[in-house]
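Colleague: I am attaching a structure below and will ask some questions about it afterwards.
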Amino acid sequence: MMCDLLLCKPLPALDIAASRRVALAERPTNALSASSSGRSKRALGQFSKFWAPGRTLTVGFFNETPVEHQAAIEKVARQWLCWANLKFDFVDSPFADIRIYTGGEDNYSQVGTDALLASPMDATMALGTKPDDPLFGRTVLHEFGHVLGLLHEHQHPKADIPWDVPKLYAYFAAKGIDQQTVDINLLDKIDKALAKGTAYDRTSIMHYSVLQEQTVGDWEVGINHTLSRRDRKFVRRIYPEVVA
Ligand SMILES: [Zn+2]
């Protein structure tokens, strides 16, 4: 089963103004200067969604989830905290900052501070991949990367993936996924200001796997299961130790 290529959809903020407001209230440096992003009008829609360094995020489960399953998610998610100065407080409450739904098959997450905008009646993350799935660890790391405000690496402004676009559309169309969704989650490049000067990293946990048959020529990316060196370096830079 080509489950490695199922889409994880970071949920788009429906209200950009509110998304920007909560991001800047959390951390003023989430505002990107107009000069770094080109035209100022465009820059208004370009801001990062990182949490304040040192912040504690409560994490809870939205639906009834076996304790072993919860523990497996927590163990993997905490890998990020070896590098990022944040805290996860796993709580027995469906009203936590990060609310995980494990009941379905989809995997997706709000990006960073957008979780604050989600209705308390909604989950902020879906983790449908179960602990006995070989992709479980990768999926949990990837979705928690979105929690930390990270975007898709294959959409890095310097990503040089030679997509065979008609074949890519056909692949996802067969799964009932339309072209616009493919564009948003795979093909559209993120603004270079949001890449924060990092180099493109095809070993990033935030990179989808790419099949040979979906590219032109000899090009593919396997399934990345672990945090890459650059993933670790990046979150350490974004979430540094706070000096008192
Ligand atoms: Zn994703």
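Within each chain, counting starts at residue 1; across the structure tokens, chains are named A, B, ... in the order shown, with ligands numbered 1 upward in that order.
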Taking only C-alpha atoms and all ligand atoms into account, which residues have an atom no farther than 8 Å from ligand 1? I'd like them as a list in words.
Modeller: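 With only C-alpha atoms and all ligand atoms and a cut-off of 8 Å, ligand 1 is contacted by Leu7, Cys8, Lys9, Pro10, Asn107, Tyr108, Ser109, His142, Glu143, His146, Leu151, His152, Asn185, Met206, His207 and Tyr208 of chain A.
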Colleague: Pull the helix (DSSP H, G or I) assignments for segment 127-224 of chain A out of DSSP run on the backbone, and list those residues as a short mmCIF file (atom, residue, chain, number, x, y, z; two decimals) with C-alpha atoms, in the first residue's frame.
Modeller:
data_model
loop_
_atom_site.label_atom_id
_atom_site.label_comp_id
_atom_site.auth_asym_id
_atom_site.auth_seq_id
_atom_site.Cartn_x
_atom_site.Cartn_y
_atom_site.Cartn_z
CA PHE A 136 3.95 5.58 13.13
CA GLY A 137 7.14 7.20 14.40
CA ARG A 138 7.65 9.19 11.25
CA THR A 139 4.04 10.39 11.28
CA VAL A 140 4.10 11.51 14.91
CA LEU A 141 7.38 13.38 14.41
CA HIS A 142 6.07 15.01 11.25
CA GLU A 143 2.78 16.18 12.78
CA PHE A 144 4.50 17.49 15.89
CA GLY A 145 6.85 19.32 13.57
CA HIS A 146 3.78 21.19 12.37
CA VAL A 147 2.86 21.82 16.02
CA GLU A 153 10.25 20.79 3.36
CA HIS A 154 9.35 19.63 -0.15
CA GLN A 155 7.80 23.10 -0.56
CA VAL A 165 3.01 17.02 -12.55
CA PRO A 166 0.49 15.14 -14.75
CA LYS A 167 1.52 11.84 -13.16
CA LEU A 168 1.38 13.36 -9.69
CA TYR A 169 -2.14 14.67 -10.27
CA ALA A 170 -3.20 11.30 -11.65
CA TYR A 171 -1.77 9.46 -8.64
CA PHE A 172 -3.73 11.55 -6.19
CA ALA A 173 -6.85 11.76 -8.35
CA GLN A 179 -5.41 19.09 -8.01
CA GLN A 180 -5.86 22.10 -5.76
CA THR A 181 -5.09 20.01 -2.68
CA VAL A 182 -2.00 18.61 -4.39
CA ASP A 183 -0.92 22.12 -5.31
CA ILE A 184 -1.34 23.37 -1.74
CA ASN A 185 0.39 20.42 -0.08
CA LEU A 186 3.08 19.50 -2.58
CA LEU A 187 3.71 21.91 -5.40
CA GLN A 212 10.64 7.85 -8.85
CA GLU A 213 7.61 7.52 -11.10
CA GLN A 214 6.33 10.92 -9.99
#
Colleague: Would you work out the distance separating atom CA of Thr102 of chain A from atom CA of Gly149 of chain A, expressed in Å to one decimal?
Modeller: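 Computing it gives 20.7 Å between the two atoms.
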Colleague: Enumerate, in order of chain and increasing residue number, the residues of segment 78-111 of chain A with an atom no farther than 9 Å from segment 62-65 of chain A, each with its shortest atom pair and distance in Å to one decimal, counting only C-alpha atoms, as a tab-separated table.
Modeller:
residue	atom	partner	partner_atom	distance
A:Ser93	CA	A:Phe62	CA	7.8
A:Pro94	CA	A:Phe62	CA	4.8
A:Phe95	CA	A:Phe62	CA	7.8
A:Ala96	CA	A:Phe62	CA	8.9
A:Arg99	CA	A:Phe62	CA	5.5
A:Ile100	CA	A:Phe62	CA	5.3
A:Tyr101	CA	A:Phe62	CA	5.0
A:Thr102	CA	A:Asn63	CA	6.8
A:Gly103	CA	A:Asn63	CA	6.8
Colleague: Quick one, how far is atom CA of Lys75 of chain A from atom CA of Val91 of chain A?
Modeller: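 These two atoms are separated by 14.1 Å.
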Colleague: List the neighbours of segment 12-26 of chain A out to 9 Å using only C-alpha atoms; skip same-chain residues closer than 4 positions along the sequence, and give me the result as a ChimeraX atom specification.
Modeller: /A:30-31,44-52,110-114,116-117
Colleague: I need the residues from that last selection saved to file as a short mmCIF file (atom, residue, chain, number, x, y, z; two decimals), in the first residue's frame (with N, CA, C and O atoms), if you can.
Modeller:
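The resulting file, result_15.cif, is reproduced below:
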data_model
loop_
_atom_site.label_atom_id
_atom_site.label_comp_id
_atom_site.auth_asym_id
_atom_site.auth_seq_id
_atom_site.Cartn_x
_atom_site.Cartn_y
_atom_site.Cartn_z
N ASN A 30 7.42 36.76 15.11
CA ASN A 30 6.74 36.01 14.04
C ASN A 30 6.41 36.92 12.85
O ASN A 30 6.15 36.43 11.75
N ALA A 31 6.39 38.21 13.09
CA ALA A 31 6.17 39.14 11.98
C ALA A 31 7.44 39.14 11.13
O ALA A 31 8.54 39.19 11.65
N LEU A 44 2.13 40.80 4.42
CA LEU A 44 1.08 40.74 5.43
C LEU A 44 0.57 39.32 5.62
O LEU A 44 0.18 38.92 6.71
N GLY A 45 0.55 38.57 4.55
CA GLY A 45 0.08 37.19 4.65
C GLY A 45 1.20 36.22 4.98
O GLY A 45 0.98 35.02 5.05
N GLN A 46 2.41 36.73 5.13
CA GLN A 46 3.55 35.87 5.39
C GLN A 46 4.10 36.15 6.79
O GLN A 46 4.68 37.20 7.02
N PHE A 47 3.88 35.24 7.65
CA PHE A 47 4.40 35.37 9.02
C PHE A 47 4.58 33.97 9.55
O PHE A 47 3.94 33.03 9.09
N SER A 48 5.48 33.82 10.48
CA SER A 48 5.67 32.49 11.04
C SER A 48 4.76 32.30 12.25
O SER A 48 4.16 33.26 12.74
N LYS A 49 4.65 31.08 12.69
CA LYS A 49 3.66 30.74 13.73
C LYS A 49 4.33 29.99 14.88
O LYS A 49 3.77 29.06 15.45
N PHE A 50 5.55 30.44 15.19
CA PHE A 50 6.29 29.76 16.26
C PHE A 50 5.79 30.20 17.63
O PHE A 50 5.33 31.33 17.82
N TRP A 51 5.94 29.31 18.58
CA TRP A 51 5.59 29.61 19.97
C TRP A 51 6.74 30.38 20.63
O TRP A 51 7.87 30.35 20.15
N ALA A 52 6.42 31.01 21.74
CA ALA A 52 7.48 31.67 22.51
C ALA A 52 8.40 30.59 23.08
O ALA A 52 7.92 29.57 23.59
N GLN A 110 -2.82 21.47 12.82
CA GLN A 110 -2.70 22.92 12.74
C GLN A 110 -1.21 23.26 12.80
O GLN A 110 -0.42 22.54 13.42
N VAL A 111 -0.84 24.36 12.20
CA VAL A 111 0.56 24.78 12.21
C VAL A 111 0.77 25.78 13.34
O VAL A 111 0.12 26.84 13.38
N GLY A 112 1.66 25.44 14.28
CA GLY A 112 2.06 26.36 15.34
C GLY A 112 0.89 27.01 16.05
O GLY A 112 -0.06 26.33 16.49
N THR A 113 0.97 28.33 16.16
CA THR A 113 0.01 29.08 16.96
C THR A 113 -1.42 29.06 16.41
O THR A 113 -2.34 29.47 17.10
N ASP A 114 -1.59 28.57 15.19
CA ASP A 114 -2.96 28.42 14.68
C ASP A 114 -3.80 27.50 15.57
O ASP A 114 -5.03 27.57 15.55
N LEU A 116 -4.30 27.80 18.51
CA LEU A 116 -5.05 28.65 19.45
C LEU A 116 -6.37 29.11 18.87
O LEU A 116 -7.26 29.54 19.59
N LEU A 117 -6.47 29.07 17.55
CA LEU A 117 -7.69 29.55 16.89
C LEU A 117 -8.74 28.47 16.69
O LEU A 117 -9.88 28.77 16.38
#
Colleague: Can you work out which one of A:Ala199, A:Leu148, A:Ala77, A:Met125 has the shortest atom-to-atom distance to Asp89 of chain A, counting only C-alpha atoms?
Modeller: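 Nearest candidate to Asp89 of chain A out of A:Ala199, A:Leu148, A:Ala77, A:Met125: A:Ala77.
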Colleague: Pull the strand (DSSP E) assignments for segment 99-183 of chain A out of DSSP run on the backbone, and list those residues as a PyMOL selection string.
Modeller: chain A and resi 99-101+107-110+125-127
Colleague: Pull N, CA, C and O atoms from the residues just selected and write them as a JSON list (two decimals), in the first residue's frame.
Modeller:
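Wrote selection-v8.json, looks like this:
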[["chain", "number", "residue", "atom", "x", "y", "z"],
["A", 99, "ARG", "N", -4.94, 19.15, 20.71],
["A", 99, "ARG", "CA", -5.98, 18.13, 20.93],
["A", 99, "ARG", "C", -5.89, 17.11, 19.80],
["A", 99, "ARG", "O", -6.15, 17.42, 18.63],
["A", 100, "ILE", "N", -5.51, 15.90, 20.18],
["A", 100, "ILE", "CA", -5.21, 14.87, 19.17],
["A", 100, "ILE", "C", -6.39, 13.92, 18.99],
["A", 100, "ILE", "O", -6.89, 13.35, 19.97],
["A", 101, "TYR", "N", -6.77, 13.75, 17.74],
["A", 101, "TYR", "CA", -7.82, 12.79, 17.40],
["A", 101, "TYR", "C", -7.16, 11.56, 16.78],
["A", 101, "TYR", "O", -6.46, 11.67, 15.77],
["A", 107, "ASN", "N", -4.00, 12.00, 8.81],
["A", 107, "ASN", "CA", -2.96, 12.65, 9.61],
["A", 107, "ASN", "C", -2.89, 14.11, 9.17],
["A", 107, "ASN", "O", -2.70, 14.38, 7.99],
["A", 108, "TYR", "N", -3.07, 15.00, 10.11],
["A", 108, "TYR", "CA", -2.94, 16.42, 9.79],
["A", 108, "TYR", "C", -2.78, 17.20, 11.09],
["A", 108, "TYR", "O", -2.96, 16.65, 12.18],
["A", 109, "SER", "N", -2.42, 18.45, 10.94],
["A", 109, "SER", "CA", -2.24, 19.27, 12.14],
["A", 109, "SER", "C", -2.39, 20.75, 11.82],
["A", 109, "SER", "O", -2.08, 21.18, 10.70],
["A", 110, "GLN", "N", -2.82, 21.47, 12.82],
["A", 110, "GLN", "CA", -2.70, 22.92, 12.74],
["A", 110, "GLN", "C", -1.21, 23.26, 12.80],
["A", 110, "GLN", "O", -0.42, 22.54, 13.42],
["A", 125, "MET", "N", -5.16, 18.26, 15.83],
["A", 125, "MET", "CA", -4.30, 17.31, 15.13],
["A", 125, "MET", "C", -5.04, 15.99, 14.98],
["A", 125, "MET", "O", -5.79, 15.60, 15.87],
["A", 126, "ALA", "N", -4.82, 15.33, 13.85],
["A", 126, "ALA", "CA", -5.30, 13.96, 13.68],
["A", 126, "ALA", "C", -4.08, 13.07, 13.49],
["A", 126, "ALA", "O", -3.20, 13.38, 12.70],
["A", 127, "LEU", "N", -4.04, 12.01, 14.25],
["A", 127, "LEU", "CA", -2.99, 11.00, 14.10],
["A", 127, "LEU", "C", -3.68, 9.66, 13.88],
["A", 127, "LEU", "O", -3.97, 8.93, 14.83]]
Colleague: Give me, please, the distance in Å between atom CA of Pro131 of chain A and atom CA of Val235 of chain A, quoted to one decimal.
Modeller: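 Those two atoms sit 25.1 Å apart.
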Colleague: Would you list the contacts of Gly222 of chain A as JSON, numbers by chain, taking every protein, DNA or RNA residue within 8 Å and counting only C-alpha atoms, but skipping same-chain residues closer than 6 positions in sequence?
Modeller: {"A": [209, 210, 211]}
Colleague: Convert the current residue selection to file output with C-alpha atoms, as a PDB file, in the first residue's frame.
Modeller:
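Listed below is the output, out-v5.pdb:
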ATOM      1  CA  SER A 209       8.611  10.748   0.273  1.00  0.00           C
ATOM      2  CA  VAL A 210       8.731  11.162  -3.489  1.00  0.00           C
ATOM      3  CA  LEU A 211       8.403   8.242  -5.844  1.00  0.00           C
TER       4      LEU A 211
END
